[in-house]
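Dropping start.txt in here (compact mmCIF, C-alpha atoms):
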```
# COMPACT_ATOMS: atom_id res chain seq x y z
CA MET A 1 -12.25 17.89 -13.34
CA SER A 2 -11.77 17.80 -9.62
CA ALA A 3 -9.12 16.35 -7.35
CA THR A 4 -9.62 13.07 -5.52
CA PRO A 5 -11.49 13.31 -2.25
CA THR A 6 -9.16 13.14 0.74
CA GLY A 7 -9.96 12.28 4.30
CA ASP A 8 -9.05 14.48 7.21
CA GLY A 9 -6.18 13.59 9.48
CA ASN A 10 -2.43 13.50 9.12
CA VAL A 11 -0.45 13.26 5.88
CA PHE A 12 -0.25 9.50 6.18
CA THR A 13 -4.02 8.94 6.25
CA GLN A 14 -4.39 11.43 3.39
CA LEU A 15 -1.93 9.43 1.29
CA LEU A 16 -3.84 6.25 2.11
CA GLY A 17 -7.02 8.06 1.06
CA LYS A 18 -5.50 8.71 -2.36
CA LEU A 19 -4.87 5.00 -2.78
CA GLY A 20 -8.39 4.01 -1.77
CA ASP A 21 -11.50 3.54 -3.86
CA HIS A 22 -13.61 6.40 -5.23
CA HIS A 23 -17.10 6.86 -6.65
CA GLY A 24 -15.85 8.03 -10.04
CA PHE A 25 -13.49 6.93 -12.77
CA TYR A 26 -10.15 8.64 -12.22
CA ILE A 27 -7.02 8.83 -14.34
CA GLY A 28 -4.34 10.04 -11.96
CA PRO A 29 -6.00 12.66 -9.74
CA TYR A 30 -8.44 13.73 -12.48
CA LYS A 31 -12.03 12.62 -12.58
CA VAL A 32 -13.10 11.44 -16.01
CA LEU A 33 -16.54 10.00 -15.37
CA SER A 34 -19.08 9.87 -12.58
CA LEU A 35 -20.02 6.30 -11.82
CA PRO A 36 -23.41 4.94 -10.79
CA ILE A 37 -24.21 4.35 -7.14
CA ILE A 38 -26.03 1.17 -6.20
CA LEU A 39 -27.14 0.79 -2.60
CA TRP A 40 -29.02 -2.03 -0.88
CA ASP A 41 -30.81 -0.50 2.07
CA ASP A 42 -34.16 -0.91 3.90
CA GLY A 43 -34.75 -4.13 1.97
CA GLN A 44 -34.74 -2.44 -1.45
CA LEU A 45 -32.31 -1.40 -4.14
CA HIS A 46 -31.48 2.28 -4.69
CA VAL A 47 -29.81 3.07 -8.02
CA TYR A 48 -28.49 6.53 -8.92
CA ARG A 49 -26.62 7.49 -12.06
CA SER A 50 -23.98 9.55 -10.22
CA PRO A 51 -23.12 10.84 -6.73
CA SER A 52 -24.56 14.28 -7.59
CA GLU A 53 -27.85 12.73 -8.69
CA MET A 54 -27.93 10.81 -5.42
CA GLU A 55 -27.44 14.00 -3.42
CA ALA A 56 -30.15 15.73 -5.49
CA ALA A 57 -32.58 12.90 -4.66
CA GLY A 58 -32.01 13.71 -1.00
CA LYS A 59 -32.19 10.29 0.65
CA TYR A 60 -28.43 9.84 0.86
CA ARG A 61 -25.45 12.20 0.83
CA MET A 62 -21.70 11.84 0.46
CA VAL A 63 -19.58 12.13 3.60
CA MET A 64 -15.80 11.68 3.17
CA GLY A 65 -16.36 10.04 -0.20
CA HIS A 66 -18.91 7.50 1.01
CA PRO A 67 -22.72 7.58 0.83
CA VAL A 68 -24.56 7.80 4.15
CA ARG A 69 -28.22 8.23 5.02
CA THR A 70 -29.22 11.89 5.26
CA LEU A 71 -31.62 11.21 8.13
CA ASP A 72 -29.39 9.54 10.70
CA GLY A 73 -25.94 9.57 9.07
CA ALA A 74 -25.78 5.76 9.09
CA LYS A 75 -24.07 3.76 6.37
CA PRO A 76 -26.37 1.87 3.97
CA ALA A 77 -26.60 -1.88 4.59
CA LEU A 78 -24.70 -2.75 1.40
CA ASP A 79 -22.78 -0.49 -0.98
CA LEU A 80 -22.67 -2.25 -4.34
CA SER A 81 -21.66 0.82 -6.35
CA ILE A 82 -19.55 0.65 -9.48
CA THR A 83 -16.35 2.26 -8.20
CA ASN A 84 -13.04 3.31 -9.68
CA LEU A 85 -11.30 0.02 -8.97
CA VAL A 86 -14.21 -1.97 -10.42
CA VAL A 87 -13.75 -0.02 -13.66
CA TYR A 88 -10.01 -0.75 -13.58
CA GLN A 89 -10.78 -4.45 -13.16
CA TRP A 90 -13.10 -4.28 -16.16
CA LEU A 91 -10.37 -2.55 -18.14
CA GLY A 92 -7.96 -5.30 -17.11
CA MET A 93 -10.43 -7.99 -18.18
CA LEU A 94 -11.04 -6.30 -21.55
CA LEU A 95 -7.31 -5.91 -22.18
CA LEU A 96 -6.62 -9.49 -21.17
CA GLY A 97 -9.53 -10.83 -23.20
CA TRP A 98 -8.35 -8.95 -26.28
CA LEU A 99 -4.69 -10.02 -25.92
CA LEU A 100 -5.47 -13.67 -25.28
CA TRP A 101 -8.17 -13.80 -27.95
CA ARG A 102 -5.68 -12.54 -30.52
CA THR A 103 -3.13 -15.16 -29.45
CA VAL A 104 -5.62 -18.02 -29.46
CA SER A 105 -7.12 -17.05 -32.79
CA ARG A 106 -3.66 -17.05 -34.36
CA TYR A 107 -3.12 -20.59 -33.06
CA ARG A 108 -6.46 -21.59 -34.54
CA LYS A 109 -5.61 -20.06 -37.91
CA ALA A 110 -2.03 -21.30 -38.21
CA PRO A 111 -1.38 -24.05 -35.66
CA LEU A 112 1.85 -25.25 -37.27
CA GLN A 113 3.48 -21.84 -37.78
CA PRO A 114 6.12 -20.62 -35.31
CA PRO A 115 4.71 -18.07 -32.81
CA ARG A 116 5.09 -14.41 -33.68
CA GLY A 117 5.46 -11.22 -31.68
CA LEU A 118 3.25 -11.07 -28.63
CA GLN A 119 2.32 -14.72 -29.11
CA ASN A 120 5.86 -15.61 -28.01
CA ALA A 121 5.52 -13.77 -24.71
CA ILE A 122 2.09 -15.21 -23.88
CA GLU A 123 3.16 -18.71 -24.83
CA ALA A 124 6.29 -18.47 -22.68
CA ILE A 125 4.24 -17.37 -19.65
CA VAL A 126 1.60 -20.05 -20.18
CA LEU A 127 4.26 -22.76 -20.49
CA PHE A 128 6.06 -21.44 -17.42
CA ILE A 129 2.90 -21.54 -15.32
CA ARG A 130 2.05 -25.03 -16.57
CA ASP A 131 5.48 -26.64 -16.29
CA GLU A 132 7.08 -24.78 -13.38
CA VAL A 133 4.16 -23.75 -11.20
CA VAL A 134 1.14 -26.02 -11.55
CA ARG A 135 2.41 -29.48 -12.55
CA PRO A 136 5.36 -29.87 -10.11
CA ASN A 137 3.35 -28.67 -7.13
CA ILE A 138 0.10 -30.57 -7.63
CA PRO A 139 0.80 -34.30 -7.47
CA ALA A 140 -2.62 -35.38 -8.82
CA HIS A 141 -2.11 -35.00 -12.55
CA HIS A 142 -5.74 -34.79 -13.64
CA LEU A 143 -6.41 -32.14 -10.97
CA ALA A 144 -3.47 -30.07 -12.24
CA GLN A 145 -4.78 -30.36 -15.79
CA ARG A 146 -8.29 -29.40 -14.73
CA LEU A 147 -7.22 -26.38 -12.65
CA LEU A 148 -4.61 -25.06 -15.09
CA PRO A 149 -7.09 -22.49 -16.54
CA TYR A 150 -7.77 -21.19 -13.02
CA PHE A 151 -4.08 -20.70 -12.26
CA LEU A 152 -3.48 -19.04 -15.64
CA THR A 153 -6.41 -16.70 -15.04
CA LEU A 154 -5.12 -15.90 -11.57
CA PHE A 155 -1.63 -15.08 -12.82
CA PHE A 156 -2.68 -13.03 -15.84
CA PHE A 157 -5.42 -11.15 -13.99
CA ILE A 158 -3.19 -10.16 -11.07
CA LEU A 159 -0.33 -9.27 -13.42
CA VAL A 160 -2.50 -7.06 -15.64
CA LEU A 161 -4.06 -5.27 -12.64
CA ASN A 162 -0.60 -4.71 -11.11
CA LEU A 163 0.76 -3.32 -14.38
CA LEU A 164 -2.32 -1.15 -15.01
CA GLY A 165 -1.61 0.42 -11.64
CA LEU A 166 1.94 1.23 -12.71
CA LEU A 167 0.86 3.06 -15.88
CA PRO A 168 1.03 6.82 -15.30
CA GLY A 169 -2.44 7.78 -14.06
CA GLY A 170 -3.51 4.22 -13.45
CA HIS A 171 -5.03 3.01 -10.19
CA THR A 172 -4.02 -0.34 -8.71
CA ALA A 173 -7.04 -2.57 -8.19
CA THR A 174 -4.86 -5.17 -6.45
CA GLY A 175 -3.95 -2.46 -3.92
CA SER A 176 -7.39 -2.85 -2.37
CA LEU A 177 -8.23 -5.39 0.32
CA ALA A 178 -11.63 -6.04 -1.27
CA VAL A 179 -10.07 -7.17 -4.56
CA THR A 180 -7.28 -9.26 -3.03
CA GLY A 181 -9.77 -10.65 -0.51
CA ALA A 182 -11.99 -11.86 -3.35
CA LEU A 183 -8.99 -13.42 -5.10
CA ALA A 184 -7.95 -15.12 -1.87
CA LEU A 185 -11.52 -16.37 -1.41
CA THR A 186 -11.39 -18.10 -4.81
CA ALA A 187 -8.01 -19.56 -3.79
CA PHE A 188 -9.51 -20.82 -0.51
CA LEU A 189 -12.42 -22.47 -2.33
CA VAL A 190 -10.12 -24.01 -4.95
CA ILE A 191 -7.68 -25.35 -2.32
CA ASN A 192 -10.33 -26.98 -0.15
CA GLY A 193 -12.76 -27.86 -2.95
CA GLY A 194 -9.97 -29.41 -5.00
CA ALA A 195 -8.73 -31.36 -1.98
CA ILE A 196 -12.19 -32.71 -1.15
CA ALA A 197 -12.83 -33.62 -4.79
CA THR A 198 -9.51 -35.44 -5.10
CA ILE A 199 -8.96 -37.27 -1.81
CA GLY A 200 -12.53 -37.36 -0.53
CA LEU A 201 -14.16 -35.73 2.45
CA LYS A 202 -13.02 -38.38 4.91
CA ARG A 203 -9.31 -38.00 4.18
CA TRP A 204 -9.65 -34.23 3.96
CA LEU A 205 -11.04 -34.30 7.51
CA ARG A 206 -8.15 -36.54 8.57
CA HIS A 207 -5.79 -33.81 7.31
CA LEU A 208 -7.21 -31.63 10.08
CA LEU A 209 -5.48 -33.93 12.58
CA GLY A 210 -2.17 -32.83 11.08
CA GLY A 211 -0.91 -36.43 11.10
CA GLY A 212 -0.98 -36.62 14.89
CA PRO A 213 -2.68 -39.25 17.06
CA LEU A 214 -6.37 -38.89 17.92
CA TRP A 215 -5.84 -37.83 21.54
CA LEU A 216 -3.96 -34.72 20.36
CA SER A 217 -6.96 -33.58 18.29
CA PRO A 218 -8.15 -30.93 20.82
CA ILE A 219 -4.87 -29.09 20.17
CA LEU A 220 -4.18 -29.96 16.55
CA VAL A 221 -7.62 -29.48 15.00
CA PRO A 222 -7.96 -25.80 16.01
CA ILE A 223 -4.41 -25.12 14.80
CA GLU A 224 -5.08 -26.77 11.43
CA VAL A 225 -8.42 -24.97 11.03
CA ILE A 226 -6.81 -21.61 11.82
CA GLY A 227 -3.97 -22.48 9.43
CA MET A 228 -6.49 -23.17 6.67
CA PHE A 229 -7.89 -19.64 6.97
CA ALA A 230 -4.52 -18.04 7.71
CA LYS A 231 -3.17 -19.26 4.37
CA ALA A 232 -5.91 -17.46 2.43
CA PHE A 233 -5.67 -14.41 4.71
CA ALA A 234 -1.91 -14.19 4.18
CA LEU A 235 -2.39 -14.42 0.39
CA CYS A 236 -4.84 -11.52 0.56
CA VAL A 237 -2.69 -9.33 2.81
CA ARG A 238 0.57 -10.09 0.98
CA LEU A 239 -0.69 -8.96 -2.41
CA PHE A 240 -2.45 -5.91 -0.97
CA ALA A 241 0.50 -4.77 1.12
CA ASN A 242 3.07 -5.30 -1.61
CA MET A 243 1.13 -3.29 -4.14
CA THR A 244 0.32 -0.54 -1.65
CA ALA A 245 3.77 -0.30 -0.08
CA GLY A 246 5.48 0.67 -3.33
CA HIS A 247 2.89 3.38 -4.00
CA ILE A 248 3.28 4.77 -0.48
CA ALA A 249 7.07 4.83 -0.94
CA LEU A 250 6.64 6.75 -4.22
CA LEU A 251 4.21 9.24 -2.68
CA ALA A 252 6.50 9.76 0.29
CA LEU A 253 9.54 10.36 -1.95
CA VAL A 254 7.72 12.89 -4.11
CA GLY A 255 6.21 14.36 -0.94
CA LEU A 256 9.74 15.16 0.29
CA ILE A 257 9.91 17.98 -2.28
CA PHE A 258 6.84 19.64 -0.78
CA PHE A 259 7.92 18.82 2.77
CA PHE A 260 11.24 20.67 2.35
CA GLY A 261 9.75 23.28 0.02
CA THR A 262 12.82 23.45 -2.17
CA VAL A 263 13.56 22.28 -5.68
CA LEU A 264 17.07 21.21 -4.61
CA ILE A 265 15.74 17.97 -3.16
CA ALA A 266 14.02 17.11 -6.47
CA PRO A 267 16.94 15.26 -8.12
CA VAL A 268 17.23 12.94 -5.11
CA SER A 269 13.47 12.37 -5.02
CA VAL A 270 13.24 11.68 -8.74
CA ALA A 271 16.23 9.33 -8.73
CA PHE A 272 14.85 7.30 -5.83
CA SER A 273 11.35 7.36 -7.35
CA VAL A 274 12.63 5.88 -10.60
CA PHE A 275 14.44 3.21 -8.60
CA VAL A 276 11.30 2.39 -6.59
CA TYR A 277 9.28 2.37 -9.82
CA PHE A 278 11.54 -0.27 -11.36
CA LEU A 279 11.38 -2.22 -8.12
CA GLU A 280 7.59 -2.04 -8.31
CA THR A 281 7.65 -3.40 -11.84
CA LEU A 282 9.65 -6.36 -10.55
CA VAL A 283 7.25 -6.73 -7.62
CA ALA A 284 4.24 -6.67 -9.98
CA PHE A 285 5.52 -9.78 -11.75
CA LEU A 286 6.85 -11.39 -8.58
CA GLN A 287 3.62 -11.02 -6.61
CA ALA A 288 1.48 -12.41 -9.45
CA TYR A 289 3.88 -15.38 -9.52
CA ILE A 290 3.93 -15.78 -5.74
CA PHE A 291 0.14 -15.69 -5.44
CA THR A 292 -0.19 -18.34 -8.15
CA ILE A 293 2.57 -20.63 -6.89
CA LEU A 294 1.48 -20.42 -3.26
CA THR A 295 -2.08 -21.35 -4.23
CA ALA A 296 -0.65 -24.30 -6.17
CA VAL A 297 1.62 -25.33 -3.28
CA PHE A 298 -1.22 -25.14 -0.74
CA LEU A 299 -3.47 -27.17 -3.04
CA GLY A 300 -0.66 -29.71 -3.45
CA LEU A 301 -0.22 -29.93 0.34
CA ALA A 302 -3.96 -30.32 0.89
CA THR A 303 -4.24 -33.16 -1.65
CA GLU A 304 -1.16 -34.99 -0.36
CA GLU A 305 -1.58 -38.45 1.10
CA SER A 306 -1.26 -38.29 4.87
CA HIS A 307 1.28 -40.77 6.18
CA MET B 308 -0.22 11.10 25.66
CA GLU B 309 -1.94 7.91 24.51
CA LEU B 310 -1.60 8.85 20.84
CA GLY B 311 2.09 9.51 21.40
CA LEU B 312 2.44 6.08 22.97
CA ALA B 313 0.64 4.53 19.99
CA TRP B 314 3.04 6.19 17.57
CA LEU B 315 6.01 5.13 19.69
CA ALA B 316 4.69 1.57 19.73
CA ALA B 317 4.19 1.67 15.95
CA GLY B 318 7.75 2.85 15.39
CA ILE B 319 9.33 0.33 17.72
CA GLY B 320 7.07 -2.44 16.43
CA VAL B 321 7.89 -1.84 12.78
CA GLY B 322 11.60 -1.76 13.64
CA ILE B 323 11.49 -5.07 15.46
CA SER B 324 9.39 -6.79 12.80
CA VAL B 325 11.73 -5.55 10.06
CA LEU B 326 14.66 -6.86 12.12
CA GLY B 327 13.04 -10.30 12.24
CA ALA B 328 12.10 -10.35 8.58
CA GLY B 329 15.53 -9.08 7.55
CA THR B 330 17.29 -11.76 9.57
CA GLY B 331 15.00 -14.41 8.16
CA ILE B 332 15.36 -13.40 4.53
CA GLY B 333 19.11 -12.89 4.96
CA ARG B 334 19.60 -16.38 6.34
CA LEU B 335 17.30 -17.79 3.67
CA GLY B 336 19.21 -16.02 0.90
CA ALA B 337 22.56 -17.18 2.27
CA ALA B 338 21.38 -20.78 2.53
CA ALA B 339 19.85 -20.73 -0.96
CA LEU B 340 23.01 -19.22 -2.46
CA GLU B 341 25.13 -21.86 -0.77
CA ALA B 342 22.86 -24.64 -1.98
CA ALA B 343 22.87 -23.23 -5.52
CA SER B 344 26.64 -22.90 -5.64
CA ARG B 345 27.20 -26.38 -4.24
CA GLN B 346 24.76 -27.92 -6.68
CA PRO B 347 24.32 -25.57 -9.63
CA GLU B 348 22.19 -28.13 -11.48
CA THR B 349 19.39 -27.73 -8.90
CA ALA B 350 19.61 -23.94 -8.84
CA ALA B 351 16.20 -23.43 -10.50
CA GLU B 352 14.46 -25.64 -7.96
CA THR B 353 16.29 -23.94 -5.09
CA ARG B 354 15.16 -20.54 -6.40
CA THR B 355 11.51 -21.60 -6.40
CA LEU B 356 11.75 -22.97 -2.86
CA MET B 357 13.54 -19.79 -1.76
CA LEU B 358 10.84 -17.57 -3.24
CA ILE B 359 8.09 -19.51 -1.50
CA ALA B 360 9.85 -19.35 1.86
CA ALA B 361 10.62 -15.65 1.31
CA ALA B 362 6.95 -15.00 0.61
CA LEU B 363 5.95 -16.75 3.83
CA ILE B 364 8.45 -14.72 5.88
CA GLU B 365 7.26 -11.58 4.13
CA GLY B 366 3.65 -12.45 4.94
CA ILE B 367 4.41 -12.52 8.67
CA ALA B 368 6.33 -9.23 8.44
CA LEU B 369 3.46 -7.62 6.54
CA ILE B 370 0.91 -8.66 9.12
CA ALA B 371 3.17 -7.13 11.79
CA CYS B 372 3.42 -3.96 9.71
CA ILE B 373 -0.37 -3.76 9.40
CA VAL B 374 -0.66 -3.91 13.18
CA CYS B 375 1.84 -1.02 13.31
CA ILE B 376 -0.09 0.96 10.68
CA LEU B 377 -3.28 0.49 12.69
CA LEU B 378 -1.43 1.92 15.69
CA ALA B 379 -0.02 4.79 13.61
CA VAL B 380 -3.40 5.88 12.23
CA LYS B 381 -5.11 5.55 15.60
CA THR B 382 -7.13 8.69 16.19
CA ALA B 383 -8.81 8.28 19.57
```
Structure rendered as structure tokens:
Amino acid sequence: MSATPTGDGNVFTQLLGKLGDHHGFYIGPYKVLSLPIILWDDGQLHVYRSPSEMEAAGKYRMVMGHPVRTLDGAKPALDLSITNLVVYQWLGMLLLGWLLWRTVSRYRKAPLQPPRGLQNAIEAIVLFIRDEVVRPNIPAHHLAQRLLPYFLTLFFFILVLNLLGLLPGGHTATGSLAVTGALALTAFLVINGGAIATIGLKRWLRHLLGGGPLWLSPILVPIEVIGMFAKAFALCVRLFANMTAGHIALLALVGLIFFFGTVLIAPVSVAFSVFVYFLETLVAFLQAYIFTILTAVFLGLATEESH
Amino acid sequence: MELGLAWLAAGIGVGISVLGAGTGIGRLGAAALEAASRQPETAAETRTLMLIAAALIEGIALIACIVCILLAVKTA
């Protein structure tokens, strides 16, 4: 067991380093497993079973928690390693798959029985997403029906990752720009793909005029194009920042004890930490909801008839 | 000197952006509460609209905060 690698610099960058991604599976600050390193460099794939094996092979070495070339200290072209947050996403998928499989199999076995236990909770969430989030915001009914699985996946996946990060020792995969960026990329593709599939390419292009006359297009088209990307970018940053901000607040509150070097500050720190923790639990649900509903709203706006 | 200025800018910037976001969310909350109390039957719809608008305001504030963080962790 060894502590998480930390970067140099001030306390703030060190805290951010704790929240970043690592080449090992960690529970809290403790390393449980070394994870394989997969690098794409010099036009070929380099696969090592662990960081130590990579260092033993000699071609690459770890600097500040990231592999670099031993020869010139340059970063490899692509780092496709299985990292800590990838493992947490897999855990989330397994957990979600198991939970939902159990619920669905109970419906298959006894479709006319009233729902029981966990089934109640899952059913309530699914109905909420369908009736309050997807259907009212997407005017084209068949599109809403077709994309309902996507929105359900989005909500459950983000929620499970957020909650996994709140378990003691858990790491928050949604607190990483790479993960939220990928989620926002799917949202971007769904918004524009769904719009093109529903209203056709011609009317989708007319949306870029923003409803203005043709002579305003030099101003309006760039604004609309930027807006298209800004929506996805804001989705990505919002989820990332919300999940990271709570963790930073927690670390800072606990850090107060060490900053003052006295146990007298501990009751204050602990009380505020518990408060922030409950707030984070609320935020975990709220952000999963916001991501889902904003994607639905943007899709609804993009498929709207222009007047 | 320059690092000090960056930290100063980060502090002032985060203060101003929080001021803007706070004003925005405060006005939004007040308006939503008023709408909900005038027409309690549409309270659920009002809440959804409020959350969406709050998320958009928050998004702008977060982008401002990220600019401030980039200033605060500036090393050279």
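Using all atoms listed in the file, the contacts of A:Val104 at a cut-off of 12 Å, with sequence neighbours closer than 5 positions omitted, comprise Leu96, Gly97, Trp98, Leu99, Lys109, Ala110, Pro111, Pro115, Leu118, Gln119, Asn120, Ile122, Glu123 and Val126 of chain A.
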Please dump the current selection as a PDB file, in the frame of the given file; keep C-alpha atoms.
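This went into out07.pdb:
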```
ATOM      1  CA  LEU A  96      -6.620  -9.490 -21.170  1.00  0.00           C
ATOM      2  CA  GLY A  97      -9.530 -10.830 -23.200  1.00  0.00           C
ATOM      3  CA  TRP A  98      -8.350  -8.950 -26.280  1.00  0.00           C
ATOM      4  CA  LEU A  99      -4.690 -10.020 -25.920  1.00  0.00           C
ATOM      5  CA  LYS A 109      -5.610 -20.060 -37.910  1.00  0.00           C
ATOM      6  CA  ALA A 110      -2.030 -21.300 -38.210  1.00  0.00           C
ATOM      7  CA  PRO A 111      -1.380 -24.050 -35.660  1.00  0.00           C
ATOM      8  CA  PRO A 115       4.710 -18.070 -32.810  1.00  0.00           C
ATOM      9  CA  LEU A 118       3.250 -11.070 -28.630  1.00  0.00           C
ATOM     10  CA  GLN A 119       2.320 -14.720 -29.110  1.00  0.00           C
ATOM     11  CA  ASN A 120       5.860 -15.610 -28.010  1.00  0.00           C
ATOM     12  CA  ILE A 122       2.090 -15.210 -23.880  1.00  0.00           C
ATOM     13  CA  GLU A 123       3.160 -18.710 -24.830  1.00  0.00           C
ATOM     14  CA  VAL A 126       1.600 -20.050 -20.180  1.00  0.00           C
TER      15      VAL A 126
END
```
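In terms of minimum interatomic distance to chain A, B:Leu358 ranks closest within B:Leu358, B:Gly336, B:Gly329, B:Leu377, counting only C-alpha atoms.
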Exercise. Hey, what's within 9 Å of A:Leu33 if we count all atoms listed in the file and toss same-chain stuff fewer than 5 positions away? As a VMD selection string, please?
Worked result: chain A and resid 24 to 26
For this session: Pick out the chain B residues within 9 Å of chain A. Count all atoms listed in the file. Give them as a PyMOL selection string.
Result: chain B and resi 355+358-359+362-363+365-367+369-370+373+379-380+382
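As for atom CA of A:Val63 and atom CA of A:Pro29, they are spaced 19.0 Å apart.
With atom CA of A:Arg69 on one side and atom CA of A:Gly28 on the other, the separation reads 29.4 Å.
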Problem set entry | Near-A:Leu80 list (7 Å; only C-alpha atoms; drop same-chain fewer than 2 positions) as a ChimeraX atom specification | /A:38-39,78,82
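Interatomic distance, atom CA of A:Leu208 to atom CA of A:Ile196: 12.3 Å.
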Identify, on the basis of only C-alpha atoms, every residue whose closest approach to A:Gly227 does not exceed 12 Å; exclude the query and any residue fewer than 2 positions from it along the same chain; express the result as a PDB file with C-alpha atoms, in the coordinates of the input.
```
ATOM      1  CA  PHE A 188      -9.510 -20.820  -0.510  1.00  0.00           C
ATOM      2  CA  HIS A 207      -5.790 -33.810   7.310  1.00  0.00           C
ATOM      3  CA  LEU A 208      -7.210 -31.630  10.080  1.00  0.00           C
ATOM      4  CA  LEU A 209      -5.480 -33.930  12.580  1.00  0.00           C
ATOM      5  CA  GLY A 210      -2.170 -32.830  11.080  1.00  0.00           C
ATOM      6  CA  LEU A 220      -4.180 -29.960  16.550  1.00  0.00           C
ATOM      7  CA  VAL A 221      -7.620 -29.480  15.000  1.00  0.00           C
ATOM      8  CA  PRO A 222      -7.960 -25.800  16.010  1.00  0.00           C
ATOM      9  CA  ILE A 223      -4.410 -25.120  14.800  1.00  0.00           C
ATOM     10  CA  GLU A 224      -5.080 -26.770  11.430  1.00  0.00           C
ATOM     11  CA  VAL A 225      -8.420 -24.970  11.030  1.00  0.00           C
ATOM     12  CA  PHE A 229      -7.890 -19.640   6.970  1.00  0.00           C
ATOM     13  CA  ALA A 230      -4.520 -18.040   7.710  1.00  0.00           C
ATOM     14  CA  LYS A 231      -3.170 -19.260   4.370  1.00  0.00           C
ATOM     15  CA  ALA A 232      -5.910 -17.460   2.430  1.00  0.00           C
ATOM     16  CA  PHE A 233      -5.670 -14.410   4.710  1.00  0.00           C
ATOM     17  CA  ALA A 234      -1.910 -14.190   4.180  1.00  0.00           C
ATOM     18  CA  PHE A 298      -1.220 -25.140  -0.740  1.00  0.00           C
ATOM     19  CA  ALA A 302      -3.960 -30.320   0.890  1.00  0.00           C
TER      20      ALA A 302
END
```
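Here the question is which of B:Leu378, B:Val325, B:Ala371, B:Ile332 gets nearest to B:Glu309 using all atoms listed in the file, and that residue is B:Leu378.
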For this session: Identify the residues within 12 Å of coordinate (-9.2, -24.5, -12.7) (same frame as the file), considering only C-alpha atoms, and give the answer as number ranges by chain.
Result: A: 130, 134, 142-154, 186-187, 189-191, 193-194, 292, 295-296, 299
Exercise. Given the choices B:Ile376, B:Thr330, B:Ala313, B:Ala339, which gets closest to B:Ala351 if the distance is worked out from all atoms listed in the file?
Worked result: B:Ala339
Problem set entry | Spatial neighbours of A:Val160, 9 Å, only C-alpha atoms, chain gap at least 5 places, as a PyMOL selection string | chain A and resi 92-93+95-96+155+165+284
Those same residues, written as a PDB file, in the coordinates of the input with C-alpha atoms?
```pdb
ATOM      1  CA  GLY A  92      -7.960  -5.300 -17.110  1.00  0.00           C
ATOM      2  CA  MET A  93     -10.430  -7.990 -18.180  1.00  0.00           C
ATOM      3  CA  LEU A  95      -7.310  -5.910 -22.180  1.00  0.00           C
ATOM      4  CA  LEU A  96      -6.620  -9.490 -21.170  1.00  0.00           C
ATOM      5  CA  PHE A 155      -1.630 -15.080 -12.820  1.00  0.00           C
ATOM      6  CA  GLY A 165      -1.610   0.420 -11.640  1.00  0.00           C
ATOM      7  CA  ALA A 284       4.240  -6.670  -9.980  1.00  0.00           C
TER       8      ALA A 284
END
```
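If all atoms listed in the file are the atoms counted, then among A:Leu256, A:Leu185, A:Arg102, A:Arg206 the closest residue to A:Gly117 is A:Arg102.
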Any chance you could build stretch 364-375 of chain B out to N, CA and C atoms and write it as a JSON list (two decimals), in the coordinates of the input?
```json
[["chain", "number", "residue", "atom", "x", "y", "z"],
["B", 364, "ILE", "N", 7.83, -15.62, 4.90],
["B", 364, "ILE", "CA", 8.45, -14.72, 5.88],
["B", 364, "ILE", "C", 7.87, -13.32, 5.72],
["B", 365, "GLU", "N", 7.78, -12.91, 4.44],
["B", 365, "GLU", "CA", 7.26, -11.58, 4.13],
["B", 365, "GLU", "C", 5.82, -11.42, 4.63],
["B", 366, "GLY", "N", 5.04, -12.51, 4.49],
["B", 366, "GLY", "CA", 3.65, -12.45, 4.94],
["B", 366, "GLY", "C", 3.56, -12.12, 6.42],
["B", 367, "ILE", "N", 4.41, -12.78, 7.23],
["B", 367, "ILE", "CA", 4.41, -12.52, 8.67],
["B", 367, "ILE", "C", 4.80, -11.07, 8.94],
["B", 368, "ALA", "N", 5.86, -10.61, 8.23],
["B", 368, "ALA", "CA", 6.33, -9.23, 8.44],
["B", 368, "ALA", "C", 5.23, -8.23, 8.06],
["B", 369, "LEU", "N", 4.50, -8.54, 6.98],
["B", 369, "LEU", "CA", 3.46, -7.62, 6.54],
["B", 369, "LEU", "C", 2.33, -7.54, 7.54],
["B", 370, "ILE", "N", 1.98, -8.69, 8.13],
["B", 370, "ILE", "CA", 0.91, -8.66, 9.12],
["B", 370, "ILE", "C", 1.35, -7.82, 10.32],
["B", 371, "ALA", "N", 2.63, -7.96, 10.71],
["B", 371, "ALA", "CA", 3.17, -7.13, 11.79],
["B", 371, "ALA", "C", 3.10, -5.66, 11.42],
["B", 372, "CYS", "N", 3.43, -5.35, 10.16],
["B", 372, "CYS", "CA", 3.42, -3.96, 9.71],
["B", 372, "CYS", "C", 2.00, -3.40, 9.72],
["B", 373, "ILE", "N", 1.02, -4.25, 9.40],
["B", 373, "ILE", "CA", -0.37, -3.76, 9.40],
["B", 373, "ILE", "C", -0.80, -3.42, 10.81],
["B", 374, "VAL", "N", -0.37, -4.24, 11.78],
["B", 374, "VAL", "CA", -0.66, -3.91, 13.18],
["B", 374, "VAL", "C", -0.06, -2.54, 13.52],
["B", 375, "CYS", "N", 1.18, -2.30, 13.04],
["B", 375, "CYS", "CA", 1.84, -1.02, 13.31],
["B", 375, "CYS", "C", 1.12, 0.13, 12.63]]
```
